[in-house]
$ cat upload-v8.txt   # compact mmCIF, C-alpha atoms
# COMPACT_ATOMS: atom_id res chain seq x y z
CA MET A 1 54.18 215.14 -50.30
CA LYS A 2 57.41 214.68 -52.19
CA PHE A 3 57.92 211.47 -50.21
CA TRP A 4 54.65 209.99 -51.48
CA ARG A 5 55.22 211.17 -55.03
CA GLN A 6 58.61 209.46 -55.06
CA LEU A 7 57.11 206.31 -53.57
CA LEU A 8 54.30 206.18 -56.13
CA ASN A 9 56.82 206.79 -58.89
CA GLY A 10 58.20 203.31 -58.28
CA LEU A 11 54.74 201.79 -58.26
CA TRP A 12 53.62 203.00 -61.65
CA ASN A 13 55.69 205.47 -63.69
CA GLU A 14 58.98 203.69 -63.23
CA ILE A 15 57.81 200.29 -62.02
CA PRO A 16 60.79 197.91 -62.22
CA VAL A 17 60.56 195.04 -64.72
CA PHE A 18 57.66 196.59 -66.64
CA ARG A 19 58.79 200.18 -67.18
CA VAL A 20 62.42 200.19 -66.09
CA VAL A 21 63.24 196.88 -67.69
CA LEU A 22 65.78 195.84 -65.04
CA GLY A 23 66.24 192.82 -62.77
CA LEU A 24 65.05 190.34 -65.38
CA CYS A 25 67.23 187.41 -64.32
CA PRO A 26 65.63 186.92 -60.89
CA THR A 27 62.28 187.79 -62.42
CA ILE A 28 62.31 184.88 -64.81
CA ALA A 29 63.90 182.53 -62.31
CA VAL A 30 61.64 182.98 -59.28
CA THR A 31 58.23 183.74 -60.78
CA THR A 32 57.28 180.06 -60.94
CA SER A 33 54.99 180.48 -57.94
CA VAL A 34 53.36 183.48 -56.28
CA GLU A 35 54.89 182.46 -52.97
CA ASN A 36 58.42 182.69 -54.36
CA ALA A 37 57.61 186.00 -56.02
CA ILE A 38 56.40 187.55 -52.76
CA GLY A 39 59.43 186.26 -50.86
CA MET A 40 61.89 187.50 -53.46
CA GLY A 41 60.09 190.82 -53.80
CA LEU A 42 60.09 191.49 -50.06
CA ALA A 43 63.75 190.50 -49.72
CA ALA A 44 64.65 192.85 -52.57
CA THR A 45 62.50 195.62 -51.04
CA PHE A 46 64.33 195.30 -47.74
CA VAL A 47 67.76 195.34 -49.39
CA LEU A 48 66.81 198.21 -51.70
CA THR A 49 65.42 200.40 -48.90
CA CYS A 50 68.41 199.76 -46.64
CA SER A 51 71.04 200.22 -49.33
CA ASN A 52 69.33 203.38 -50.61
CA THR A 53 69.25 204.79 -47.08
CA VAL A 54 72.90 204.08 -46.35
CA VAL A 55 74.13 205.17 -49.78
CA SER A 56 72.22 208.43 -49.51
CA PHE A 57 73.41 208.98 -45.94
CA LEU A 58 77.03 208.52 -46.99
CA ARG A 59 76.77 210.20 -50.37
CA ASN A 60 79.10 213.03 -49.32
CA VAL A 61 81.63 210.65 -47.74
CA ILE A 62 81.96 208.20 -50.62
CA PRO A 63 84.63 209.39 -53.06
CA ASP A 64 83.33 209.52 -56.60
CA ARG A 65 86.01 207.24 -58.01
CA VAL A 66 85.27 204.29 -55.73
CA ARG A 67 81.53 204.78 -55.45
CA ILE A 68 80.59 201.58 -57.31
CA PRO A 69 82.66 199.27 -55.04
CA CYS A 70 81.21 201.10 -52.03
CA TYR A 71 77.65 200.64 -53.29
CA ILE A 72 78.31 196.96 -53.92
CA VAL A 73 79.77 196.46 -50.43
CA ILE A 74 76.70 198.14 -48.90
CA ALA A 75 74.28 196.09 -51.02
CA ALA A 76 76.19 192.85 -50.36
CA THR A 77 76.12 193.46 -46.60
CA PHE A 78 72.35 193.83 -46.56
CA VAL A 79 71.87 190.90 -48.89
CA THR A 80 73.94 188.64 -46.64
CA ILE A 81 71.98 189.81 -43.60
CA THR A 82 68.73 189.03 -45.43
CA ASP A 83 70.11 185.67 -46.48
CA LEU A 84 71.05 184.68 -42.93
CA VAL A 85 67.85 185.98 -41.35
CA MET A 86 65.70 184.24 -43.95
CA ASN A 87 67.60 181.01 -43.46
CA ALA A 88 66.92 181.22 -39.74
CA TYR A 89 63.28 182.31 -39.70
CA ALA A 90 61.85 181.40 -43.12
CA HIS A 91 63.74 178.22 -43.85
CA GLU A 92 61.33 176.77 -46.43
CA LEU A 93 61.23 179.96 -48.45
CA HIS A 94 64.99 180.28 -48.23
CA LYS A 95 65.35 176.82 -49.70
CA ALA A 96 62.94 177.60 -52.52
CA LEU A 97 64.64 180.86 -53.49
CA GLY A 98 68.07 179.28 -53.17
CA ILE A 99 70.81 181.03 -55.07
CA PHE A 100 68.65 184.02 -56.02
CA ILE A 101 68.87 185.65 -52.60
CA PRO A 102 72.67 186.05 -52.74
CA LEU A 103 72.24 187.18 -56.33
CA ILE A 104 70.18 190.21 -55.25
CA VAL A 105 73.62 191.85 -54.92
CA VAL A 106 74.02 191.93 -58.67
CA ASN A 107 70.38 192.79 -59.30
CA CYS A 108 70.61 195.87 -61.54
CA ILE A 109 67.79 197.58 -59.66
CA ILE A 110 69.84 197.86 -56.46
CA LEU A 111 72.92 199.34 -58.09
CA GLY A 112 70.77 201.30 -60.54
CA ARG A 113 68.84 203.08 -57.80
CA ALA A 114 71.99 203.71 -55.74
CA GLU A 115 73.70 205.25 -58.74
CA ALA A 116 70.74 207.06 -60.28
CA PHE A 117 68.89 208.23 -57.19
CA ALA A 118 70.29 207.60 -53.72
CA GLY A 119 73.75 208.95 -54.56
CA LYS A 120 72.23 212.33 -55.45
CA ASN A 121 69.20 212.79 -53.22
CA SER A 122 68.33 213.25 -49.56
CA VAL A 123 67.97 210.29 -47.19
CA TRP A 124 64.23 210.79 -46.80
CA LEU A 125 63.55 210.76 -50.54
CA SER A 126 65.90 207.82 -51.05
CA ILE A 127 63.94 205.76 -48.53
CA ALA A 128 60.76 206.59 -50.45
CA ASP A 129 62.45 205.65 -53.70
CA GLY A 130 63.77 202.37 -52.29
CA MET A 131 60.41 201.40 -50.83
CA GLY A 132 58.51 202.42 -53.95
CA MET A 133 60.84 200.59 -56.29
CA GLY A 134 60.86 197.55 -54.01
CA ILE A 135 57.09 197.34 -53.73
CA GLY A 136 56.83 197.98 -57.46
CA PHE A 137 59.24 195.12 -58.09
CA THR A 138 57.20 192.88 -55.77
CA MET A 139 53.98 193.82 -57.56
CA ALA A 140 55.50 193.13 -60.95
CA LEU A 141 56.80 189.76 -59.75
CA ILE A 142 53.40 188.84 -58.30
CA VAL A 143 51.63 189.72 -61.56
CA ILE A 144 54.04 187.62 -63.63
CA ALA A 145 54.01 184.76 -61.12
CA THR A 146 50.20 184.66 -60.95
CA PHE A 147 50.05 184.52 -64.73
CA ARG A 148 52.65 181.76 -64.93
CA GLU A 149 51.46 179.69 -61.99
CA ILE A 150 47.82 179.65 -63.11
CA LEU A 151 48.77 178.75 -66.67
CA GLY A 152 51.53 176.30 -65.84
CA ASN A 153 50.36 174.61 -62.66
CA GLY A 154 46.68 175.50 -62.31
CA THR A 155 47.24 176.82 -58.78
CA VAL A 156 47.81 180.02 -56.86
CA THR A 157 50.10 179.59 -53.84
CA LEU A 158 50.36 182.40 -51.32
CA TRP A 159 51.96 180.46 -48.52
CA SER A 160 52.07 176.70 -48.92
CA LYS A 161 53.02 175.98 -45.31
CA ALA A 162 49.92 177.71 -43.97
CA GLY A 163 47.75 175.98 -46.56
CA LEU A 164 47.12 179.15 -48.56
CA GLN A 165 47.04 177.38 -51.87
CA TRP A 166 44.14 177.23 -54.28
CA GLN A 167 43.54 174.92 -57.18
CA ILE A 168 42.11 177.01 -60.01
CA TYR A 169 41.41 174.18 -62.43
CA GLN A 170 42.04 170.46 -62.60
CA TRP A 171 42.84 169.56 -66.19
CA ASN A 172 46.33 169.38 -67.65
CA PRO A 173 48.13 172.72 -67.17
CA ALA A 174 50.38 174.23 -69.85
CA LEU A 175 53.63 173.20 -68.22
CA LEU A 176 55.63 175.41 -70.58
CA ALA A 177 54.53 178.50 -68.65
CA ILE A 178 56.54 177.68 -65.53
CA LEU A 179 59.61 176.47 -67.41
CA ALA A 180 62.26 178.99 -68.45
CA PRO A 181 60.99 179.59 -72.03
CA GLY A 182 57.54 180.25 -70.61
CA GLY A 183 59.11 182.88 -68.39
CA PHE A 184 60.35 184.81 -71.41
CA LEU A 185 57.03 184.41 -73.22
CA SER A 186 54.98 185.50 -70.20
CA LEU A 187 57.24 188.47 -69.57
CA GLY A 188 56.94 189.54 -73.22
CA ILE A 189 53.16 189.23 -73.23
CA LEU A 190 52.77 191.12 -69.95
CA LEU A 191 55.20 193.86 -71.07
CA GLY A 192 53.09 194.30 -74.20
CA ILE A 193 49.87 194.50 -72.18
CA MET A 194 51.48 197.01 -69.82
CA ASN A 195 52.57 199.20 -72.74
CA LEU A 196 49.08 199.00 -74.20
CA ILE A 197 47.49 200.08 -70.90
CA GLN A 198 49.89 202.98 -70.46
CA ALA A 199 49.40 204.07 -74.07
CA LYS A 200 45.62 204.03 -73.58
CA ILE A 201 45.91 206.10 -70.41
CA ALA A 202 48.26 208.59 -72.07
CA ARG A 203 45.94 208.93 -75.06
CA GLY A 204 42.97 209.38 -72.76
CA LYS A 205 44.75 212.35 -71.21
CA GLY A 206 45.49 213.67 -74.70
CA LYS A 207 49.23 212.99 -74.50
CA THR A 208 51.34 210.97 -76.87
CA PHE A 209 52.77 207.78 -75.44
CA LYS A 210 56.41 207.00 -75.90
CA PRO A 211 57.14 203.30 -75.66
CA PRO A 212 60.34 202.50 -73.73
CA MET A 213 62.30 201.95 -76.96
CA MET A 214 61.93 205.59 -78.01
CA TYR A 215 63.84 206.83 -75.00
CA GLY A 216 66.95 205.16 -76.39
CA CYS A 217 69.89 204.15 -74.18
CA ARG A 218 67.87 201.06 -73.17
CA PHE A 219 65.55 203.22 -71.05
CA CYS A 220 68.19 204.01 -68.48
CA THR A 221 66.56 206.11 -65.78
CA THR A 222 69.62 208.21 -65.07
CA CYS A 223 69.07 210.42 -68.10
CA ILE A 224 65.37 210.83 -67.42
CA ILE A 225 66.08 212.23 -63.99
CA LYS A 226 68.68 214.57 -65.46
CA ASP A 227 66.26 215.78 -68.17
CA LYS A 228 63.67 216.69 -65.59
CA MET B 229 98.92 210.30 -54.21
CA LYS B 230 97.00 211.89 -51.37
CA GLU B 231 93.73 211.11 -53.12
CA THR B 232 94.70 207.48 -53.68
CA VAL B 233 95.39 207.07 -49.97
CA LYS B 234 92.00 208.58 -49.20
CA LEU B 235 90.30 206.15 -51.58
CA ILE B 236 92.07 203.18 -50.03
CA ILE B 237 91.19 204.27 -46.50
CA THR B 238 87.53 204.88 -47.33
CA LEU B 239 87.08 201.54 -49.05
CA THR B 240 88.93 199.71 -46.28
CA LEU B 241 86.75 201.35 -43.64
CA PHE B 242 83.64 200.35 -45.56
CA CYS B 243 84.74 196.76 -45.72
CA ILE B 244 85.75 196.61 -42.05
CA ILE B 245 82.39 197.99 -40.89
CA ALA B 246 80.53 195.63 -43.21
CA GLY B 247 82.64 192.74 -41.94
CA PHE B 248 81.87 193.46 -38.30
CA LEU B 249 78.18 193.89 -39.02
CA LEU B 250 78.05 190.56 -40.84
CA ALA B 251 79.98 188.78 -38.10
CA TRP B 252 77.46 190.06 -35.56
CA VAL B 253 74.45 188.94 -37.62
CA ASN B 254 76.12 185.58 -38.22
CA VAL B 255 76.55 185.01 -34.50
CA LYS B 256 72.95 186.04 -33.84
CA THR B 257 71.42 183.79 -36.51
CA LYS B 258 73.64 180.75 -36.08
CA LYS B 259 71.47 179.07 -33.47
CA PRO B 260 68.11 179.74 -35.19
CA ILE B 261 69.52 178.39 -38.47
CA GLU B 262 70.68 175.20 -36.76
CA LEU B 263 67.32 174.91 -35.06
CA ALA B 264 65.47 175.38 -38.35
CA GLN B 265 67.59 172.69 -40.01
CA LYS B 266 67.03 170.36 -37.07
CA ASN B 267 63.29 170.93 -37.15
CA GLU B 268 63.28 170.24 -40.84
CA MET B 269 64.99 166.88 -40.25
CA ILE B 270 62.70 165.97 -37.37
CA GLU B 271 59.69 166.81 -39.52
CA ALA B 272 60.97 164.42 -42.17
CA PHE B 273 61.75 161.70 -39.61
CA ASN B 274 58.22 161.93 -38.21
CA LYS B 275 56.95 161.04 -41.66
CA ILE B 276 59.30 158.18 -42.41
CA LEU B 277 59.85 156.38 -39.11
CA PRO B 278 57.60 154.35 -36.80
CA SER B 279 56.63 156.44 -33.77
CA TYR B 280 59.56 157.21 -31.47
CA ASP B 281 60.00 159.21 -28.29
CA ASN B 282 63.75 159.83 -28.04
CA ASP B 283 65.86 162.76 -29.18
CA ILE B 284 66.55 161.29 -32.58
CA ILE B 285 69.11 163.85 -33.75
CA SER B 286 71.55 163.08 -30.95
CA ASP B 287 70.92 159.31 -31.03
CA ALA B 288 72.82 158.70 -34.22
CA VAL B 289 75.42 156.13 -35.20
CA MET B 290 78.27 156.99 -37.52
CA VAL B 291 79.55 154.27 -39.81
CA SER B 292 81.84 154.55 -42.79
CA TYR B 293 81.12 152.58 -45.90
CA ALA B 294 82.44 152.88 -49.47
CA GLY B 295 84.56 155.90 -48.62
CA LYS B 296 81.66 157.83 -47.18
CA GLU B 297 80.51 158.63 -43.67
CA TRP B 298 76.95 157.54 -43.04
CA LYS B 299 74.88 158.73 -40.15
CA PHE B 300 72.12 156.41 -39.01
CA PHE B 301 69.54 158.10 -36.81
CA VAL B 302 67.95 155.73 -34.36
CA GLY B 303 64.36 156.00 -33.23
CA LYS B 304 63.38 154.38 -29.95
CA LYS B 305 60.07 153.95 -28.22
CA ASN B 306 60.09 153.15 -24.48
CA GLY B 307 63.80 152.32 -24.80
CA GLU B 308 63.24 149.81 -27.58
CA ILE B 309 64.59 150.45 -31.07
CA THR B 310 61.78 150.85 -33.57
CA GLY B 311 63.53 152.23 -36.61
CA THR B 312 66.58 153.79 -38.11
CA ALA B 313 66.83 156.46 -40.77
CA PHE B 314 69.58 157.67 -43.06
CA ILE B 315 70.02 160.72 -45.23
CA SER B 316 71.50 160.15 -48.62
CA GLU B 317 72.08 162.27 -51.67
CA SER B 318 72.55 161.90 -55.38
CA LEU B 319 74.24 164.40 -57.65
CA GLN B 320 72.59 162.88 -60.70
CA GLY B 321 69.35 164.85 -60.45
CA TYR B 322 68.18 166.91 -63.41
CA GLY B 323 68.57 170.11 -61.43
CA GLY B 324 71.57 169.08 -59.33
CA LYS B 325 71.67 167.53 -55.91
CA ILE B 326 68.73 165.53 -54.56
CA THR B 327 68.74 164.75 -50.83
CA VAL B 328 66.48 161.99 -49.58
CA ALA B 329 65.71 160.64 -46.12
CA CYS B 330 64.79 156.99 -45.78
CA GLY B 331 63.39 155.28 -42.71
CA ILE B 332 63.79 151.57 -42.02
CA SER B 333 61.59 149.66 -39.62
CA VAL B 334 63.98 147.55 -37.55
CA LYS B 335 61.41 144.91 -36.55
CA ASP B 336 60.84 143.42 -40.01
CA LYS B 337 63.73 145.12 -41.84
CA THR B 338 61.55 146.89 -44.38
CA ILE B 339 61.45 150.46 -45.62
CA TYR B 340 58.96 152.40 -43.54
CA GLY B 341 58.98 155.61 -45.52
CA VAL B 342 60.95 157.85 -47.86
CA ASP B 343 60.94 161.63 -48.08
CA ILE B 344 62.69 164.19 -50.25
CA LEU B 345 64.59 166.77 -48.21
CA GLN B 346 66.02 168.83 -50.99
CA ALA B 347 65.55 168.84 -54.75
CA LYS B 348 65.58 171.42 -57.50
CA GLU B 349 63.87 169.41 -60.22
CA THR B 350 61.75 170.84 -63.02
CA PRO B 351 58.35 171.92 -61.69
CA GLY B 352 55.58 169.72 -63.07
CA LEU B 353 57.95 166.94 -64.18
CA GLY B 354 60.87 166.06 -61.93
CA ALA B 355 59.30 167.83 -58.97
CA LYS B 356 56.74 165.01 -58.90
CA ILE B 357 59.32 162.91 -57.02
CA LYS B 358 57.96 164.71 -53.96
CA GLU B 359 54.49 163.30 -54.54
CA LYS B 360 53.16 160.43 -52.45
CA LYS B 361 52.36 158.34 -55.50
CA PHE B 362 56.05 158.02 -56.29
CA LEU B 363 57.45 157.86 -52.76
CA THR B 364 55.06 155.20 -51.42
CA GLN B 365 56.51 152.75 -53.96
CA PHE B 366 59.47 152.34 -51.64
CA THR B 367 57.36 151.62 -48.57
CA GLY B 368 57.33 148.00 -47.47
CA LYS B 369 60.24 146.97 -49.67
CA THR B 370 62.92 144.86 -48.01
CA ALA B 371 65.97 146.45 -46.47
CA ASN B 372 67.96 143.20 -46.63
CA GLU B 373 68.98 143.77 -50.20
CA SER B 374 69.29 146.79 -52.42
CA ALA B 375 69.08 145.49 -55.99
CA TRP B 376 65.39 146.39 -56.27
CA ALA B 377 66.05 150.08 -55.70
CA LYS B 378 66.38 150.94 -59.36
CA ILE B 379 63.87 152.12 -61.90
CA ARG B 380 62.33 149.47 -64.17
CA LYS B 381 64.44 150.61 -67.11
CA ASP B 382 67.52 149.57 -65.07
CA GLN B 383 65.96 146.19 -64.07
CA GLY B 384 64.68 147.45 -60.73
CA GLU B 385 61.24 147.59 -59.18
CA ILE B 386 60.55 151.32 -59.09
CA ASP B 387 58.18 152.88 -61.61
CA ALA B 388 59.80 156.04 -62.94
CA ILE B 389 57.68 159.16 -63.32
CA THR B 390 56.69 159.79 -66.93
CA GLY B 391 59.03 162.39 -68.38
CA ALA B 392 61.27 162.36 -65.33
CA THR B 393 63.42 159.26 -65.69
CA ILE B 394 66.54 161.08 -64.58
CA SER B 395 65.00 162.42 -61.37
CA SER B 396 63.44 159.04 -60.54
CA ARG B 397 66.74 157.30 -61.18
CA ALA B 398 68.59 159.74 -58.94
CA VAL B 399 66.19 159.14 -56.05
CA SER B 400 66.46 155.36 -56.41
CA GLU B 401 70.22 155.63 -56.60
CA ALA B 402 70.45 157.68 -53.41
CA ILE B 403 68.28 155.16 -51.59
CA ARG B 404 70.24 152.21 -52.95
CA ALA B 405 73.54 153.72 -51.77
CA GLY B 406 72.11 154.20 -48.27
CA LEU B 407 70.67 150.70 -48.20
CA GLU B 408 74.01 149.22 -49.16
CA ALA B 409 75.61 151.04 -46.28
CA PHE B 410 72.86 149.76 -43.99
CA ILE B 411 73.19 146.14 -45.15
CA ASN B 412 76.97 146.09 -44.89
CA CYS B 413 77.12 147.86 -41.57
CA SER B 414 73.93 146.66 -39.92
CA ASP B 415 75.94 144.51 -37.49
CA LYS B 416 77.94 147.51 -36.43
CA ILE B 417 74.85 149.69 -36.21
CA THR B 418 73.03 147.21 -34.00
CA THR B 419 76.02 146.66 -31.70
CA VAL B 420 76.53 150.39 -31.28
CA ILE B 421 72.84 150.79 -30.64
CA SER B 422 72.80 148.04 -28.02
CA THR B 423 75.87 149.42 -26.22
CA ASN B 424 74.25 152.82 -26.31
CA LEU B 425 71.18 151.31 -24.81
CA THR B 426 73.02 149.70 -21.90
CA ASN B 427 74.80 153.00 -21.32
CA ASN B 428 71.49 154.80 -21.18
CA HIS B 429 70.12 152.29 -18.74
CA GLY B 430 73.17 152.69 -16.56
CA GLU B 431 72.86 156.46 -16.53
CA SER B 432 69.23 156.57 -15.62
CA PRO B 433 68.49 154.10 -12.84

$ encode --input "upload-v8.txt" --output "structure tokens"
Amino acid sequence: MKFWRQLLNGLWNEIPVFRVVLGLCPTIAVTTSVENAIGMGLAATFVLTCSNTVVSFLRNVIPDRVRIPCYIVIAATFVTITDLVMNAYAHELHKALGIFIPLIVVNCIILGRAEAFAGKNSVWLSIADGMGMGIGFTMALIVIATFREILGNGTVTLWSKAGLQWQIYQWNPALLAILAPGGFLSLGILLGIMNLIQAKIARGKGKTFKPPMMYGCRFCTTCIIKDK
Amino acid sequence: MKETVKLIITLTLFCIIAGFLLAWVNVKTKKPIELAQKNEMIEAFNKILPSYDNDIISDAVMVSYAGKEWKFFVGKKNGEITGTAFISESLQGYGGKITVACGISVKDKTIYGVDILQAKETPGLGAKIKEKKFLTQFTGKTANESAWAKIRKDQGEIDAITGATISSRAVSEAIRAGLEAFINCSDKITTVISTNLTNNHGESP
């Protein structure tokens, strides 16, 4: 029960990118096609689940003063494994994602979850948290990538090698959407829509909705967990 | 003091375990990675060379020209040379390195096909260098000289993609560099190929 609640937490309440505004660099860089978004999301999910598991398992062994280097070593190990395995078995995707796979190491979500959750909770719950956050991150990436790819290229690509690519419309696409500035614009628009939806839901339940800004401290999840 | 030692030992242990784990994964994935890269090259060669039936990756000739090592892959059909391909790169792309593969038909010394192996150009603009419309411009052009392999702005014969002059120029440049190596070393390439051929005949009576 607690496992599922923790997993769902990452899918809606604390969905990365939209609610916990973390991991924005890879978000803007890889969401130029849905295919890239799925690949990046799954790679991050794998790394997040593994690093959360190991960090939680070793949480009593890791001395407090060197915990950050330890977390980074753990994350970097899994990232390198992912990098090598992807290069071997998903070569095309690996080429498309390029530098952003190694950069998962410095993705704030990985370190953030290790520090805020896995370092303090049981292995079982940490796995749920890692999976939830990872799938949430993947979902967020897919939403942004769909938006950008349809606007900027007129297509939706699930897996180009298997021919899973659909042309939505033929006329000139708004190229801006898949360039870097379009990434910022799309992210802003989607964040706004997400806030609007959550505010509507909260109001429907008769609660007041606090937009992320009102939490202060840049919506760092550590404090929220403490407050609970 | 005691605590410091403990910190050092813990961190060292972490790194050692991580190191061993990575070494193991590296050993396990080394072959598949090489295979994937090889398959990628073969896939490109199938597109840009006349049909061949030999193991093209191992039938390659190394020549050095203009301070660079060039590898010419040789395609043979029924023991006869049909084409040769080179891989060339340009660092002048808009998004960094562009790697191209170019196949030359040996019979009439013309370009048989060109393919982009690796490019990180802007989607929608520079990325159009991967489209057939741009790449087929090279097909059928002579491999006896290289001056044509420039975009029209630089007095060449290649139509640049609208809005992607830099990417188009980089591709032409990579192909021109390879062609120059081919022209200047074609004697050497053909002699090596023919000696290789006699060797092969000797080995398989």

$ atom_distance --input "upload-v8.txt" --atom1 "atom CA of Leu151 of chain A" --atom2 "atom CA of Ser186 of chain A"
9.8 Å

$ closest_atom_pairs --input "upload-v8.txt" --of "chain A" --to "chain B" --cutoff "8 Å" --atoms "only C-alpha atoms" --output "tab-separated table"
residue	atom	partner	partner_atom	distance
A:Ile62	CA	B:Thr238	CA	7.3
A:Pro63	CA	B:Leu235	CA	6.7
A:Arg65	CA	B:Leu235	CA	7.8
A:Val66	CA	B:Leu235	CA	6.8
A:Pro69	CA	B:Leu239	CA	7.8
A:Cys70	CA	B:Leu239	CA	6.6
A:Val73	CA	B:Cys243	CA	6.9
A:Ile74	CA	B:Ala246	CA	7.3
A:Thr77	CA	B:Ala246	CA	6.0
A:Thr80	CA	B:Leu250	CA	7.4
A:Ile81	CA	B:Val253	CA	6.5
A:Leu84	CA	B:Thr257	CA	6.5
A:Val85	CA	B:Thr257	CA	6.4
A:Asn87	CA	B:Ile261	CA	6.0
A:Ala88	CA	B:Ile261	CA	4.0
A:Tyr89	CA	B:Pro260	CA	7.1
A:His91	CA	B:Ala264	CA	6.4
A:Asn153	CA	B:Gly352	CA	7.2
A:Leu175	CA	B:Gly352	CA	6.5
A:Ile178	CA	B:Pro351	CA	7.2
A:Leu179	CA	B:Pro351	CA	7.4

$ residues_near_point --input "upload-v8.txt" --point "(68.3, 162.0, -45.0)" --cutoff "6 Å" --atoms "all atoms listed in the file" --output "list in words"
Phe314, Ile315, Ser316, Val328 and Ala329 of chain B

$ write_last_selection --input "upload-v8.txt" --atoms "C-alpha atoms" --output "PDB file, keeping the file's coordinate frame"
ATOM      1  CA  PHE B 314      69.580 157.670 -43.060  1.00  0.00           C
ATOM      2  CA  ILE B 315      70.020 160.720 -45.230  1.00  0.00           C
ATOM      3  CA  SER B 316      71.500 160.150 -48.620  1.00  0.00           C
ATOM      4  CA  VAL B 328      66.480 161.990 -49.580  1.00  0.00           C
ATOM      5  CA  ALA B 329      65.710 160.640 -46.120  1.00  0.00           C
TER       6      ALA B 329
END

$ atom_distance --input "upload-v8.txt" --atom1 "atom CA of Gly331 of chain B" --atom2 "atom CA of Thr312 of chain B"
5.8 Å

$ closest_residue --input "upload-v8.txt" --among "B:Lys325, B:Lys416, B:Lys360, B:Lys275" --to "Val399 of chain B" --atoms "all atoms listed in the file"
B:Lys325

$ closest_residue --input "upload-v8.txt" --among "B:Lys356, B:Lys381, B:Lys305, B:Lys361" --to "Val334 of chain B" --atoms "only C-alpha atoms"
B:Lys305

$ closest_residue --input "upload-v8.txt" --among "A:Glu35, A:Glu115, A:Pro26, A:Val54" --to "Glu149 of chain A" --atoms "only C-alpha atoms"
A:Glu35

$ residues_around --input "upload-v8.txt" --residues "segment 366-374 of chain B" --least-positions-apart "3" --cutoff "7 Å" --atoms "only C-alpha atoms" --output "number ranges by chain"
B: 337-342, 363, 377, 404, 407-408, 411

$ atom_distance --input "upload-v8.txt" --atom1 "atom CA of Ala313 of chain B" --atom2 "atom CA of Lys296 of chain B"
16.2 Å

$ residues_around --input "upload-v8.txt" --residues "Met290 of chain B" --least-positions-apart "3" --cutoff "12 Å" --atoms "only C-alpha atoms" --output "PyMOL selection string"
chain B and resi 286-287+293+296-302+313-315+409-410+413-414+416-418+420-421

$ residues_around --input "upload-v8.txt" --residues "Phe184 of chain A" --least-positions-apart "3" --cutoff "12 Å" --atoms "all atoms listed in the file" --output "JSON, numbers by chain"
{"A": [24, 25, 26, 27, 28, 29, 31, 32, 144, 148, 176, 177, 178, 179, 180, 181, 187, 188, 189, 190, 191]}

$ residues_around --input "upload-v8.txt" --residues "Leu319 of chain B" --least-positions-apart "6" --cutoff "10 Å" --atoms "all atoms listed in the file" --output "VMD selection string"
chain B and resid 325 to 327 398 to 399 401 to 402

$ write_last_selection --input "upload-v8.txt" --atoms "C-alpha atoms" --output "PDB file, keeping the file's coordinate frame"
ATOM      1  CA  LYS B 325      71.670 167.530 -55.910  1.00  0.00           C
ATOM      2  CA  ILE B 326      68.730 165.530 -54.560  1.00  0.00           C
ATOM      3  CA  THR B 327      68.740 164.750 -50.830  1.00  0.00           C
ATOM      4  CA  ALA B 398      68.590 159.740 -58.940  1.00  0.00           C
ATOM      5  CA  VAL B 399      66.190 159.140 -56.050  1.00  0.00           C
ATOM      6  CA  GLU B 401      70.220 155.630 -56.600  1.00  0.00           C
ATOM      7  CA  ALA B 402      70.450 157.680 -53.410  1.00  0.00           C
TER       8      ALA B 402
END

$ axis_aligned_box --input "upload-v8.txt" --around "segment 314-319 of chain B" --padding-each-side "8 Å" --output "AutoDock Vina command-line options"
--center_x 71.9 --center_y 161.0 --center_z -50.4 --size_x 20.7 --size_y 22.7 --size_z 30.6

$ closest_residue --input "upload-v8.txt" --among "B:Ile403, B:Ile244, B:Ile344, B:Ser396" --to "Ile332 of chain B" --atoms "only C-alpha atoms"
B:Ile403

$ build_atoms --input "upload-v8.txt" --residues "segment 156-161 of chain A" --atoms "N, CA, C and O atoms" --output "PDB file, in the frame of the given file"
ATOM      1  N   VAL A 156      47.252 178.769 -57.370  1.00  0.00           N
ATOM      2  CA  VAL A 156      47.810 180.020 -56.860  1.00  0.00           C
ATOM      3  C   VAL A 156      48.264 179.720 -55.437  1.00  0.00           C
ATOM      4  O   VAL A 156      47.476 179.278 -54.613  1.00  0.00           O
ATOM      5  N   THR A 157      49.554 179.903 -55.158  1.00  0.00           N
ATOM      6  CA  THR A 157      50.100 179.590 -53.840  1.00  0.00           C
ATOM      7  C   THR A 157      50.529 180.878 -53.168  1.00  0.00           C
ATOM      8  O   THR A 157      51.426 181.559 -53.667  1.00  0.00           O
ATOM      9  N   LEU A 158      49.902 181.219 -52.063  1.00  0.00           N
ATOM     10  CA  LEU A 158      50.360 182.400 -51.320  1.00  0.00           C
ATOM     11  C   LEU A 158      51.367 181.996 -50.261  1.00  0.00           C
ATOM     12  O   LEU A 158      52.379 182.649 -50.085  1.00  0.00           O
ATOM     13  N   TRP A 159      51.059 180.916 -49.562  1.00  0.00           N
ATOM     14  CA  TRP A 159      51.960 180.460 -48.520  1.00  0.00           C
ATOM     15  C   TRP A 159      51.656 178.994 -48.287  1.00  0.00           C
ATOM     16  O   TRP A 159      50.724 178.649 -47.573  1.00  0.00           O
ATOM     17  N   SER A 160      52.445 178.110 -48.894  1.00  0.00           N
ATOM     18  CA  SER A 160      52.070 176.700 -48.920  1.00  0.00           C
ATOM     19  C   SER A 160      52.062 176.088 -47.529  1.00  0.00           C
ATOM     20  O   SER A 160      51.281 175.202 -47.232  1.00  0.00           O
ATOM     21  N   LYS A 161      52.932 176.576 -46.641  1.00  0.00           N
ATOM     22  CA  LYS A 161      53.020 175.980 -45.310  1.00  0.00           C
ATOM     23  C   LYS A 161      51.763 176.223 -44.494  1.00  0.00           C
ATOM     24  O   LYS A 161      51.357 175.402 -43.685  1.00  0.00           O
TER      25      LYS A 161
END
